[in-house]
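J.: Pasting my_file31.cif here (mmCIF, C-alpha atoms and all ligand atoms):
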```cif
data_data
#
loop_
_atom_site.label_atom_id
_atom_site.label_comp_id
_atom_site.auth_asym_id
_atom_site.auth_seq_id
_atom_site.Cartn_x
_atom_site.Cartn_y
_atom_site.Cartn_z
CA MET X 1029 -57.98 -192.05 6.97
CA GLU X 1030 -61.36 -190.80 5.76
CA THR X 1031 -64.06 -193.31 4.89
CA ASN X 1032 -66.60 -192.47 2.20
CA ALA X 1033 -70.00 -194.09 2.04
CA VAL X 1034 -72.56 -193.50 -0.68
CA ILE X 1035 -76.19 -194.35 0.04
CA LEU X 1036 -78.49 -194.73 -2.97
CA GLY X 1037 -82.09 -193.85 -2.09
CA ALA X 1038 -83.34 -191.65 0.75
CA GLY X 1039 -86.35 -193.65 1.87
CA TYR X 1040 -86.75 -195.33 5.26
CA ALA X 1041 -83.80 -197.71 4.73
CA GLY X 1042 -81.40 -195.19 3.17
CA VAL X 1043 -82.00 -192.41 5.69
CA MET X 1044 -81.57 -194.80 8.62
CA ALA X 1045 -78.29 -196.11 7.15
CA ALA X 1046 -77.04 -192.56 6.47
CA ASN X 1047 -77.70 -191.37 10.03
CA ARG X 1048 -76.06 -194.42 11.61
CA LEU X 1049 -72.89 -194.04 9.53
CA ALA X 1050 -72.61 -190.24 9.79
CA GLY X 1051 -72.92 -190.44 13.58
CA GLN X 1052 -69.77 -192.59 13.62
CA GLY X 1053 -67.69 -190.11 11.59
CA VAL X 1054 -68.11 -191.71 8.16
CA ASN X 1055 -68.39 -189.22 5.25
CA VAL X 1056 -71.87 -189.90 3.91
CA ARG X 1057 -73.33 -188.81 0.61
CA LEU X 1058 -77.02 -189.64 0.36
CA VAL X 1059 -78.27 -189.72 -3.23
CA SER X 1060 -81.93 -188.77 -3.69
CA PRO X 1061 -83.83 -187.58 -6.76
CA ASP X 1062 -86.23 -185.77 -4.40
CA SER X 1063 -85.46 -182.65 -2.35
CA ARG X 1064 -87.74 -183.76 0.53
CA PHE X 1065 -88.34 -187.05 2.32
CA THR X 1066 -91.55 -188.81 1.23
CA GLN X 1067 -93.48 -190.64 3.93
CA ARG X 1068 -94.72 -193.42 1.67
CA ILE X 1069 -96.74 -194.89 4.51
CA ARG X 1070 -98.93 -191.77 4.39
CA LEU X 1071 -99.50 -191.58 0.63
CA HIS X 1072 -103.04 -192.99 0.89
CA GLU X 1073 -103.91 -190.01 3.10
CA TYR X 1074 -102.45 -187.61 0.57
CA THR X 1075 -104.23 -189.39 -2.30
CA ALA X 1076 -107.62 -189.10 -0.60
CA GLY X 1077 -106.99 -185.49 0.43
CA THR X 1078 -106.94 -186.11 4.20
CA ARG X 1079 -103.29 -184.95 4.41
CA THR X 1080 -102.00 -181.83 2.70
CA ASP X 1081 -98.31 -182.76 2.55
CA PRO X 1082 -96.79 -186.24 2.93
CA THR X 1083 -93.22 -184.94 2.69
CA VAL X 1084 -90.76 -183.82 5.38
CA ALA X 1085 -87.68 -181.58 5.05
CA PHE X 1086 -84.51 -183.70 5.05
CA SER X 1087 -82.88 -181.06 7.28
CA THR X 1088 -85.18 -182.16 10.13
CA LEU X 1089 -84.33 -185.86 9.69
CA LEU X 1090 -80.67 -186.15 8.81
CA HIS X 1091 -77.49 -186.08 10.88
CA PRO X 1092 -75.80 -182.73 10.08
CA GLY X 1093 -72.84 -184.60 8.58
CA VAL X 1094 -74.91 -186.21 5.83
CA ASP X 1095 -74.36 -184.59 2.43
CA LEU X 1096 -77.57 -184.82 0.39
CA VAL X 1097 -76.87 -185.16 -3.34
CA GLU X 1098 -79.98 -184.37 -5.37
CA ALA X 1099 -79.68 -186.77 -8.29
CA ALA X 1100 -80.66 -190.22 -9.48
CA ALA X 1101 -78.05 -192.97 -9.71
CA GLU X 1102 -77.80 -194.32 -13.25
CA GLU X 1103 -75.10 -196.96 -12.97
CA ILE X 1104 -72.91 -198.58 -10.34
CA ASP X 1105 -69.38 -199.42 -11.47
CA ALA X 1106 -68.46 -201.91 -8.76
CA ALA X 1107 -64.92 -202.51 -10.11
CA ALA X 1108 -64.08 -198.79 -9.92
CA ARG X 1109 -66.24 -198.26 -6.76
CA ARG X 1110 -68.01 -195.41 -8.52
CA VAL X 1111 -71.63 -194.41 -9.01
CA HIS X 1112 -72.66 -192.53 -12.14
CA LEU X 1113 -75.43 -189.99 -11.62
CA GLY X 1114 -77.79 -188.57 -14.18
CA SER X 1115 -77.21 -184.88 -13.55
CA SER X 1116 -74.09 -184.58 -11.38
CA PRO X 1117 -70.46 -185.72 -11.42
CA PRO X 1118 -69.91 -189.38 -10.45
CA LEU X 1119 -69.35 -190.33 -6.80
CA ASP X 1120 -66.53 -192.59 -5.62
CA TYR X 1121 -67.16 -194.74 -2.59
CA ASP X 1122 -65.45 -197.03 -0.13
CA TRP X 1123 -68.82 -198.49 0.90
CA LEU X 1124 -72.15 -198.46 -0.89
CA VAL X 1125 -75.67 -199.01 0.46
CA TYR X 1126 -78.26 -199.80 -2.20
CA ALA X 1127 -81.72 -198.71 -0.96
CA VAL X 1128 -83.67 -197.46 -3.99
CA GLY X 1129 -87.08 -198.79 -2.88
CA SER X 1130 -89.95 -200.10 -4.96
CA ALA X 1131 -93.16 -199.17 -6.76
CA ASN X 1132 -96.37 -200.89 -7.78
CA ALA X 1133 -95.96 -202.33 -11.25
CA GLY X 1134 -98.01 -203.39 -14.25
CA ALA X 1135 -100.68 -200.68 -14.17
CA PRO X 1136 -102.73 -200.79 -17.40
CA ALA X 1137 -103.18 -197.63 -19.49
CA GLY X 1138 -105.39 -195.12 -17.71
CA ALA X 1139 -104.77 -196.50 -14.20
CA ILE X 1140 -102.79 -194.48 -11.65
CA ALA X 1141 -100.43 -196.04 -9.07
CA PRO X 1142 -100.61 -193.85 -5.94
CA ASP X 1143 -97.74 -195.52 -4.06
CA ARG X 1144 -95.09 -192.94 -5.00
CA LEU X 1145 -95.38 -189.17 -4.63
CA ASN X 1146 -95.98 -188.32 -8.31
CA GLY X 1147 -98.58 -191.08 -8.66
CA ALA X 1148 -100.30 -189.96 -5.45
CA GLN X 1149 -100.42 -186.39 -6.81
CA ALA X 1150 -102.06 -187.61 -10.02
CA ALA X 1151 -104.49 -189.84 -8.10
CA ARG X 1152 -105.42 -186.98 -5.77
CA GLN X 1153 -106.24 -184.76 -8.75
CA ALA X 1154 -108.24 -187.53 -10.42
CA LEU X 1155 -110.33 -188.00 -7.27
CA GLN X 1156 -110.85 -184.26 -6.85
CA SER X 1157 -112.24 -183.99 -10.37
CA LEU X 1158 -114.83 -186.77 -9.89
CA ALA X 1159 -118.51 -185.88 -10.16
CA PRO X 1160 -120.75 -187.28 -7.41
CA GLY X 1161 -121.69 -190.89 -8.14
CA GLU X 1162 -118.75 -191.60 -10.43
CA PRO X 1163 -117.19 -194.93 -9.38
CA VAL X 1164 -113.64 -195.53 -8.22
CA ALA X 1165 -111.81 -198.87 -8.63
CA VAL X 1166 -108.86 -199.79 -6.41
CA VAL X 1167 -106.87 -202.83 -7.56
CA GLY X 1168 -104.78 -204.92 -5.15
CA GLY X 1169 -105.07 -207.06 -2.03
CA GLY X 1170 -102.24 -205.81 0.18
CA LEU X 1171 -101.91 -203.08 2.77
CA THR X 1172 -101.62 -200.26 0.25
CA ALA X 1173 -104.80 -201.23 -1.61
CA VAL X 1174 -106.84 -201.61 1.58
CA GLU X 1175 -105.63 -198.29 2.99
CA VAL X 1176 -106.20 -196.44 -0.31
CA ALA X 1177 -109.72 -197.90 -0.71
CA ALA X 1178 -110.82 -197.15 2.86
CA GLU X 1179 -109.32 -193.65 2.97
CA THR X 1180 -110.91 -192.79 -0.41
CA ALA X 1181 -114.33 -194.16 0.57
CA HIS X 1182 -114.36 -192.10 3.78
CA ALA X 1183 -113.17 -188.93 2.01
CA TYR X 1184 -115.51 -189.35 -1.00
CA PRO X 1185 -118.73 -190.78 0.46
CA ARG X 1186 -120.69 -189.90 -2.71
CA ASN X 1187 -118.43 -191.98 -4.97
CA PRO X 1188 -118.77 -195.78 -4.83
CA VAL X 1189 -115.41 -197.48 -4.24
CA THR X 1190 -114.76 -201.08 -5.32
CA LEU X 1191 -111.67 -202.94 -4.16
CA HIS X 1192 -110.63 -205.63 -6.67
CA ALA X 1193 -108.30 -208.20 -5.07
CA ALA X 1194 -107.02 -211.27 -6.90
CA GLY X 1195 -106.72 -213.31 -3.67
CA ALA X 1196 -107.46 -212.94 0.04
CA LEU X 1197 -107.02 -209.44 1.44
CA VAL X 1198 -104.08 -208.89 3.84
CA PRO X 1199 -103.14 -212.60 3.88
CA HIS X 1200 -100.97 -212.23 7.00
CA PHE X 1201 -104.04 -211.37 9.11
CA SER X 1202 -105.94 -214.14 10.96
CA ALA X 1203 -109.31 -215.14 9.52
CA ALA X 1204 -111.08 -213.42 12.44
CA ALA X 1205 -109.11 -210.18 12.02
CA ARG X 1206 -109.79 -210.23 8.28
CA THR X 1207 -113.52 -210.66 8.89
CA ARG X 1208 -113.54 -207.59 11.14
CA LEU X 1209 -111.49 -205.66 8.57
CA LEU X 1210 -113.99 -206.59 5.82
CA ARG X 1211 -116.80 -205.32 8.05
CA SER X 1212 -114.96 -202.00 8.47
CA LEU X 1213 -114.51 -201.73 4.71
CA ALA X 1214 -118.22 -202.41 4.16
CA ARG X 1215 -119.12 -199.74 6.74
CA ALA X 1216 -116.87 -197.29 4.88
CA GLY X 1217 -118.80 -198.08 1.69
CA VAL X 1218 -116.12 -200.20 -0.02
CA THR X 1219 -117.38 -203.12 -2.13
CA VAL X 1220 -114.81 -205.92 -2.17
CA LYS X 1221 -114.55 -208.18 -5.22
CA THR X 1222 -112.10 -211.07 -5.02
CA GLY X 1223 -110.90 -213.28 -7.83
CA GLN X 1224 -108.91 -212.53 -10.95
CA VAL X 1225 -109.34 -208.85 -11.78
CA ASP X 1226 -111.33 -208.44 -14.98
CA PRO X 1227 -109.73 -205.59 -16.98
CA GLU X 1228 -113.03 -205.27 -18.89
CA GLU X 1229 -114.76 -204.05 -15.71
CA LEU X 1230 -112.23 -201.39 -14.89
CA PRO X 1231 -113.05 -198.91 -17.70
CA ASP X 1232 -116.47 -198.43 -16.01
CA ALA X 1233 -114.64 -196.68 -13.19
CA ALA X 1234 -113.97 -192.95 -13.51
CA ALA X 1235 -110.69 -193.42 -11.60
CA VAL X 1236 -108.63 -196.62 -11.37
CA LEU X 1237 -106.07 -196.65 -8.54
CA TRP X 1238 -103.50 -199.41 -9.12
CA CYS X 1239 -102.05 -200.85 -5.91
CA ALA X 1240 -101.01 -204.28 -7.21
CA GLY X 1241 -97.78 -205.77 -8.51
CA PHE X 1242 -94.33 -205.10 -7.14
CA GLY X 1243 -91.47 -203.60 -9.11
CA VAL X 1244 -88.04 -202.23 -8.26
CA PRO X 1245 -85.70 -199.91 -10.18
CA GLY X 1246 -83.54 -201.75 -12.74
CA LEU X 1247 -80.34 -200.12 -11.44
CA ALA X 1248 -78.80 -203.27 -9.86
CA ALA X 1249 -79.52 -205.46 -12.89
CA HIS X 1250 -78.37 -202.76 -15.29
CA SER X 1251 -75.11 -202.45 -13.31
CA GLY X 1252 -74.42 -206.19 -13.58
CA LEU X 1253 -75.02 -206.88 -9.88
CA PRO X 1254 -76.76 -210.12 -8.80
CA VAL X 1255 -80.55 -209.81 -8.68
CA ASP X 1256 -83.51 -212.13 -8.08
CA ALA X 1257 -86.18 -212.80 -10.71
CA GLY X 1258 -87.92 -209.53 -9.76
CA GLY X 1259 -84.77 -207.40 -10.10
CA ARG X 1260 -84.11 -206.99 -6.35
CA LEU X 1261 -80.44 -206.81 -5.36
CA ALA X 1262 -79.51 -210.25 -3.97
CA VAL X 1263 -77.65 -210.02 -0.65
CA ASP X 1264 -76.50 -212.59 1.91
CA SER X 1265 -77.62 -212.77 5.53
CA ARG X 1266 -75.12 -209.98 6.36
CA LEU X 1267 -76.93 -207.80 3.78
CA ARG X 1268 -73.82 -207.87 1.60
CA VAL X 1269 -73.62 -208.67 -2.09
CA ARG X 1270 -71.77 -211.94 -2.64
CA GLY X 1271 -68.42 -211.26 -4.30
CA GLN X 1272 -68.82 -207.48 -3.75
CA ASP X 1273 -67.75 -206.95 -0.13
CA ARG X 1274 -68.20 -203.17 -0.33
CA ILE X 1275 -71.85 -203.21 -1.43
CA PHE X 1276 -74.75 -203.70 0.98
CA GLY X 1277 -78.48 -203.74 0.22
CA ALA X 1278 -81.47 -202.71 2.33
CA GLY X 1279 -85.22 -202.17 2.09
CA ASP X 1280 -87.69 -203.04 -0.64
CA ALA X 1281 -85.04 -203.02 -3.39
CA ALA X 1282 -82.95 -205.80 -1.79
CA VAL X 1283 -83.66 -209.45 -0.96
CA ILE X 1284 -81.80 -211.72 1.44
CA THR X 1285 -81.32 -214.91 -0.54
CA ASP X 1286 -79.76 -217.00 2.26
CA PRO X 1287 -82.24 -219.56 3.64
CA GLY X 1288 -84.57 -218.58 6.47
CA TYR X 1289 -85.47 -215.03 5.39
CA GLY X 1290 -88.46 -215.67 3.14
CA TYR X 1291 -90.81 -214.31 5.83
CA LEU X 1292 -89.57 -210.72 5.45
CA PRO X 1293 -92.15 -208.64 3.53
CA GLN X 1294 -91.51 -205.41 1.63
CA THR X 1295 -92.53 -203.02 4.40
CA CYS X 1296 -91.18 -200.01 6.19
CA ALA X 1297 -90.88 -202.25 9.27
CA THR X 1298 -88.43 -204.40 7.28
CA ALA X 1299 -86.63 -201.53 5.55
CA MET X 1300 -85.58 -199.54 8.64
CA PRO X 1301 -83.90 -202.47 10.46
CA MET X 1302 -82.15 -203.48 7.21
CA GLY X 1303 -80.86 -199.92 6.69
CA ALA X 1304 -79.57 -199.72 10.25
CA GLU X 1305 -78.02 -203.21 10.07
CA ALA X 1306 -76.31 -202.51 6.74
CA ALA X 1307 -74.69 -199.44 8.34
CA SER X 1308 -73.73 -201.39 11.47
CA ASN X 1309 -72.12 -204.08 9.36
CA ILE X 1310 -70.10 -201.48 7.46
CA LEU X 1311 -68.92 -200.08 10.82
CA ARG X 1312 -68.07 -203.62 12.01
CA ALA X 1313 -66.14 -204.32 8.82
CA LEU X 1314 -64.19 -201.07 9.33
CA ALA X 1315 -63.37 -202.19 12.88
CA GLY X 1316 -62.25 -205.61 11.63
CA GLU X 1317 -65.11 -207.36 13.47
CA ALA X 1318 -67.16 -210.33 12.28
CA LEU X 1319 -70.51 -209.44 10.71
CA PRO X 1320 -73.58 -211.03 12.30
CA ALA X 1321 -76.50 -212.31 10.25
CA HIS X 1322 -79.45 -209.92 10.10
CA ASP X 1323 -82.05 -210.70 12.76
CA SER X 1324 -85.33 -208.85 12.39
CA GLY X 1325 -88.95 -209.66 13.16
CA PHE X 1326 -92.39 -208.26 13.86
CA GLN X 1327 -94.75 -207.56 16.73
CA ALA X 1328 -97.79 -206.13 14.96
CA GLN X 1329 -99.12 -204.75 11.72
CA CYS X 1330 -101.44 -201.74 11.72
CA VAL X 1331 -103.74 -200.76 8.88
CA SER X 1332 -105.53 -197.43 8.77
CA LEU X 1333 -109.11 -197.52 7.46
CA GLY X 1334 -109.82 -193.81 7.22
CA ARG X 1335 -108.95 -191.37 10.00
CA ALA X 1336 -111.16 -192.89 12.71
CA ASP X 1337 -110.99 -196.63 12.04
CA GLY X 1338 -108.21 -199.17 11.74
CA ALA X 1339 -107.10 -202.73 12.32
CA LEU X 1340 -104.11 -203.95 14.29
CA GLN X 1341 -103.01 -207.58 14.01
CA PHE X 1342 -100.46 -208.73 16.59
CA LEU X 1343 -97.85 -210.92 14.91
CA HIS X 1344 -95.36 -213.63 15.72
CA PRO X 1345 -91.80 -212.52 14.84
CA GLY X 1346 -92.01 -214.41 11.53
CA TYR X 1347 -94.96 -212.31 10.26
CA THR X 1348 -97.69 -214.83 11.12
CA PRO X 1349 -100.81 -213.77 13.07
CA ARG X 1350 -101.26 -214.12 16.82
CA ARG X 1351 -104.76 -214.54 18.22
CA VAL X 1352 -105.05 -210.94 19.39
CA HIS X 1353 -106.20 -208.17 17.07
CA LEU X 1354 -107.65 -204.70 17.67
CA HIS X 1355 -110.05 -202.64 15.60
CA GLY X 1356 -111.88 -199.32 15.46
CA ARG X 1357 -110.67 -196.05 16.92
CA THR X 1358 -108.08 -197.69 19.21
CA ALA X 1359 -106.37 -199.29 16.20
CA ALA X 1360 -106.57 -195.99 14.27
CA VAL X 1361 -104.88 -194.13 17.14
CA LEU X 1362 -102.16 -196.80 17.45
CA LYS X 1363 -101.53 -196.67 13.70
CA GLU X 1364 -101.10 -192.89 13.92
CA VAL X 1365 -98.64 -193.36 16.80
CA VAL X 1366 -96.62 -195.87 14.71
CA CYS X 1367 -96.51 -193.47 11.73
CA ARG X 1368 -95.17 -190.70 13.99
CA MET X 1369 -92.71 -193.12 15.59
CA THR X 1370 -91.04 -193.85 12.23
CA LEU X 1371 -89.91 -190.22 12.02
CA ARG X 1372 -88.93 -190.22 15.70
CA TRP X 1373 -86.78 -193.34 15.18
CA ILE X 1374 -85.03 -191.70 12.21
CA ARG X 1375 -84.46 -188.48 14.18
CA GLY X 1376 -83.28 -190.47 17.22
CA GLU X 1377 -80.69 -192.18 15.04
CA ALA X 1378 -79.55 -188.75 13.75
CA LYS X 1379 -78.97 -187.64 17.35
CA ARG X 1380 -77.25 -190.83 18.49
CA SER X 1381 -75.85 -193.46 16.14
CA GLY X 1382 -77.07 -196.89 17.25
CA ALA X 1383 -80.15 -195.58 19.04
CA TYR X 1384 -82.64 -197.41 16.81
CA THR X 1385 -83.41 -201.01 17.77
CA TRP X 1386 -86.00 -203.47 16.43
CA PRO X 1387 -87.71 -206.73 17.37
CA ALA X 1388 -85.82 -210.00 16.90
CA GLY X 1389 -86.81 -212.40 14.14
CA PRO X 1390 -88.20 -215.91 14.39
CA ARG X 1391 -85.98 -218.56 15.99
CA MET X 1392 -83.20 -219.25 13.56
CA THR X 1393 -83.48 -222.42 11.51
CA GLU X 1394 -80.52 -224.78 11.69
CA THR X 1395 -79.31 -223.56 8.30
CA THR X 1396 -79.40 -219.91 9.34
CA SER X 1397 -77.66 -220.67 12.65
CA ALA X 1398 -74.93 -222.45 10.73
CA LEU X 1399 -74.54 -219.43 8.46
CA GLN X 1400 -74.39 -217.13 11.46
CA ALA X 1401 -71.66 -219.19 13.03
CA ALA X 1402 -69.61 -219.34 9.81
C1 LIG U 1 -99.84 -196.12 0.88
C2 LIG U 1 -98.78 -196.97 1.50
C3 LIG U 1 -98.92 -197.37 2.84
C4 LIG U 1 -97.94 -198.16 3.45
N1 LIG U 1 -98.11 -198.49 4.76
C5 LIG U 1 -97.15 -199.21 5.39
C6 LIG U 1 -97.28 -199.53 6.77
O1 LIG U 1 -98.26 -199.19 7.42
N2 LIG U 1 -96.28 -200.24 7.38
C7 LIG U 1 -95.16 -200.64 6.70
O2 LIG U 1 -94.28 -201.26 7.30
N3 LIG U 1 -95.01 -200.35 5.37
C8 LIG U 1 -95.97 -199.66 4.71
N4 LIG U 1 -95.84 -199.35 3.37
C9 LIG U 1 -94.64 -199.86 2.63
C10 LIG U 1 -93.44 -198.93 2.83
O3 LIG U 1 -93.76 -197.62 2.44
C11 LIG U 1 -92.24 -199.41 2.02
O4 LIG U 1 -92.01 -200.77 2.31
C12 LIG U 1 -91.02 -198.57 2.38
O5 LIG U 1 -91.21 -197.26 1.89
C13 LIG U 1 -89.72 -199.16 1.83
O6 LIG U 1 -88.67 -198.33 2.24
P1 LIG U 1 -87.35 -198.18 1.35
O7 LIG U 1 -86.43 -197.27 2.06
O8 LIG U 1 -86.86 -199.52 0.95
O9 LIG U 1 -87.86 -197.52 -0.01
P2 LIG U 1 -88.61 -196.14 -0.30
O10 LIG U 1 -89.28 -195.61 0.89
O11 LIG U 1 -89.42 -196.44 -1.50
O12 LIG U 1 -87.44 -195.16 -0.68
C14 LIG U 1 -86.58 -195.40 -1.78
C15 LIG U 1 -86.04 -194.09 -2.27
O13 LIG U 1 -85.08 -194.34 -3.31
C16 LIG U 1 -85.23 -193.35 -4.31
N5 LIG U 1 -84.67 -193.83 -5.57
C17 LIG U 1 -85.25 -194.60 -6.52
N6 LIG U 1 -84.41 -194.78 -7.56
C18 LIG U 1 -83.28 -194.12 -7.25
C19 LIG U 1 -82.04 -193.94 -7.93
N7 LIG U 1 -81.80 -194.48 -9.14
N8 LIG U 1 -81.09 -193.18 -7.34
C20 LIG U 1 -81.30 -192.63 -6.12
N9 LIG U 1 -82.45 -192.78 -5.43
C21 LIG U 1 -83.43 -193.51 -5.99
C22 LIG U 1 -86.73 -193.10 -4.35
O14 LIG U 1 -86.99 -191.82 -4.90
C23 LIG U 1 -87.10 -193.19 -2.88
O15 LIG U 1 -87.10 -191.95 -2.26
C24 LIG U 1 -96.79 -198.57 2.71
C25 LIG U 1 -96.65 -198.17 1.37
C26 LIG U 1 -97.62 -197.39 0.77
C27 LIG U 1 -97.43 -196.96 -0.65
#
```
If you convert what's in this file into structure tokens, what do you get?
Ligand SMILES: Cc1cc2nc3c(=O)[nH]c(=O)nc-3n(C[C@H](O)[C@H](O)[C@H](O)COP(=O)(O)OP(=O)(O)OC[C@H]3O[C@@H](n4cnc5c(N)ncnc54)[C@H](O)[C@@H]3O)c2cc1C

T.:
Amino acid sequence: METNAVILGAGYAGVMAANRLAGQGVNVRLVSPDSRFTQRIRLHEYTAGTRTDPTVAFSTLLHPGVDLVEAAAEEIDAAARRVHLGSSPPLDYDWLVYAVGSANAGAPAGAIAPDRLNGAQAARQALQSLAPGEPVAVVGGGLTAVEVAAETAHAYPRNPVTLHAAGALVPHFSAAARTRLLRSLARAGVTVKTGQVDPEELPDAAAVLWCAGFGVPGLAAHSGLPVDAGGRLAVDSRLRVRGQDRIFGAGDAAVITDPGYGYLPQTCATAMPMGAEAASNILRALAGEALPAHDSGFQAQCVSLGRADGALQFLHPGYTPRRVHLHGRTAAVLKEVVCRMTLRWIRGEAKRSGAYTWPAGPRMTETTSALQAA
């Protein structure tokens, strides 16, 4: 009998899940409002004008069996196993993967959030129209803010760039790695201001790039599915919604609420393993096998600081810093390799279902081990 899976969202998590399922003969419909894949991890390059196109044709990434449905999901009817789409007929499913991603949230009027394609397009235009000397403000303390500030400062050396961060920059870096990163930012011409961002200061900037806050689409909450306080779909350690055995969640839009998973950040390096695991667990459920708890960790985090500089912090599996960190051109080259690898991993999964593997997570706590054994 045919099995139908619907994947909502064609980002890193959704595309990985689609390829893994299609390669095992599952009928996959991948719902995406966009006609091309957006490499979000390259949007700072596009914003600053150092990359002409951050998108990739889906035809080069997807297993040939994946049916791309160009639409946005508007509501999930879990009881009927049906997804209502804005512009197309509804889709019925046997299995659903929820992977609709995230966006920076809370931008004040006049600020532009460059972390999605349309925002990056607007930010790129705003930067291009700056007169020499006009200041740029970047707000945020995470990876996106640091990469946007550094890339912009290198590309627009005649425009002063100030990075406003409420707390410590890249908090998962060691103090020594952060000191070196701050030196790189200073060399690039970025002024860093930490402490509560003063909205009164921002209007002085000719362009305000908002890279703070974290928001997800309201689709899960609107559909009556369990969500956390931020609206992320709440899933168990098997990436499955409690009480909804046919719905799995992956990537930025989902959160594992079982104990022991609080270390997982909203990154591409979290999203791809979750997408692959959600698909594997659907395949296991179809085969009548037990579903293992998700086990995913980290080895390193790379940050690009313009095209010729970067920082690479080696990490323990639980996203805490090791002693070793790299900087300068070597880190920039390694970051570029990692960005290319993301597409290679997706394409590898399209060629052979199950090809993509990832680092193991931190040693399981007793609670998580008990869950895994249950
Ligand atoms: C500038 C920048 C640099 C970054 N650098 C790194 C990095 O170096 N390393 C790293 O690990 N992470 C990095 N990240 C974070 C990373 O991009 C995200 O964590 C990752 O994209 C999450 O993947 P995802 O598949 O969950 O969601 P996304 O990639 O956001 O994809 C979700 C998709 O769902 C679609 N969608 C939304 N609503 C609906 C709907 N209703 N119906 C159907 N589809 C919908 C969206 O259009 C989108 O295409 C960076 C992010 C930015 C912005």

J.: Compare X:Leu1197, X:Ala1281, X:Ile1140, X:Leu1096 by their minimum atom-to-atom distance to ligand LIG 1 (chain U), counting only C-alpha atoms and all ligand atoms, and give me the closest one.

T.: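 For ligand LIG 1 (chain U), the nearest of the candidates is X:Ala1281.
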
J.: Counting all atoms listed in the file, which residues of chain X fall within 6 Å of ligand LIG 1 (chain U), and what is the closest atom pair for each with its distance in Å at one decimal, ordered by chain and rising number, as a tab-separated table?

T.:
```
residue	atom	partner	partner_atom	distance
X:Leu1036	CA	U:LIG1	C20	4.7
X:Gly1037	CA	U:LIG1	O13	3.3
X:Ala1038	CA	U:LIG1	C15	4.7
X:Gly1039	CA	U:LIG1	O12	3.2
X:Tyr1040	CA	U:LIG1	O7	3.8
X:Ala1041	CA	U:LIG1	O7	3.8
X:Gly1042	CA	U:LIG1	O7	5.6
X:Val1059	CA	U:LIG1	C20	5.1
X:Ser1060	CA	U:LIG1	N9	4.4
X:Pro1061	CA	U:LIG1	N9	5.5
X:Arg1068	CA	U:LIG1	O3	4.4
X:Ile1069	CA	U:LIG1	C4	3.6
X:Arg1070	CA	U:LIG1	C1	5.7
X:Leu1071	CA	U:LIG1	C1	4.6
X:His1072	CA	U:LIG1	C1	4.5
X:Ala1100	CA	U:LIG1	N8	3.7
X:Ala1101	CA	U:LIG1	N8	3.9
X:Glu1102	CA	U:LIG1	N7	5.7
X:Ala1127	CA	U:LIG1	O8	5.5
X:Val1128	CA	U:LIG1	O13	3.5
X:Gly1129	CA	U:LIG1	O9	3.2
X:Ser1130	CA	U:LIG1	O11	5.1
X:Asp1143	CA	U:LIG1	C27	3.7
X:Thr1172	CA	U:LIG1	C2	4.5
X:Pro1245	CA	U:LIG1	N6	5.9
X:Gly1279	CA	U:LIG1	O8	3.3
X:Asp1280	CA	U:LIG1	O8	4.0
X:Ala1281	CA	U:LIG1	O8	5.9
X:Gln1294	CA	U:LIG1	O4	4.7
X:Thr1295	CA	U:LIG1	O4	3.1
X:Cys1296	CA	U:LIG1	O2	3.5
X:Ala1297	CA	U:LIG1	O2	4.1
X:Ala1299	CA	U:LIG1	O8	5.0
X:Cys1330	CA	U:LIG1	O1	5.9
X:Val1331	CA	U:LIG1	O1	5.9
```

J.: If we count only C-alpha atoms, what is near Leu1058 (chain X) at a cut-off of 10 Å, once residues fewer than 4 positions away on the same chain are taken out, given as a list in words?

T.: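 With the cut-off at 10 Å, the set is Ala1033, Val1034, Ile1035, Leu1036, Gly1037, Ala1038, Gly1042, Val1043, Ala1045, Ala1046, Asn1047, Leu1090, Val1094, Asp1095, Leu1096, Val1097, Glu1098, Ala1099 and Val1125 of chain X.
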
J.: Select, from X:Val1255, X:Ala1193, X:Ala1148, X:Ala1282, the residue with the minimum atom-to-atom distance to Asp1081 (chain X), counting only C-alpha atoms.

T.: X:Ala1148

J.: Could you list, as a list in words, every residue within 6 Å of Gly1325 (chain X), counting only C-alpha atoms and ignoring same-chain residues fewer than 2 positions away?

T.: Pro1345, Gly1346, Pro1387, Ala1388 and Gly1389 of chain X

J.: Assuming 4 Å of padding per side, give the centre and edge lengths of the axis-aligned box around every listed atom of region 1297-1311 of chain X, in Å to one decimal and as JSON.

T.:
```
{"center_x": -79.9, "center_y": -201.9, "center_z": 8.5, "size_x": 30.0, "size_y": 13.0, "size_z": 13.9}
```

J.: Report, in Å to a single decimal, how far apart CA of Glu1305 (chain X) and CA of Phe1326 (chain X) are.

T.: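 One can read the CA of Phe1326 (chain X) to CA of Glu1305 (chain X) distance as 15.7 Å.
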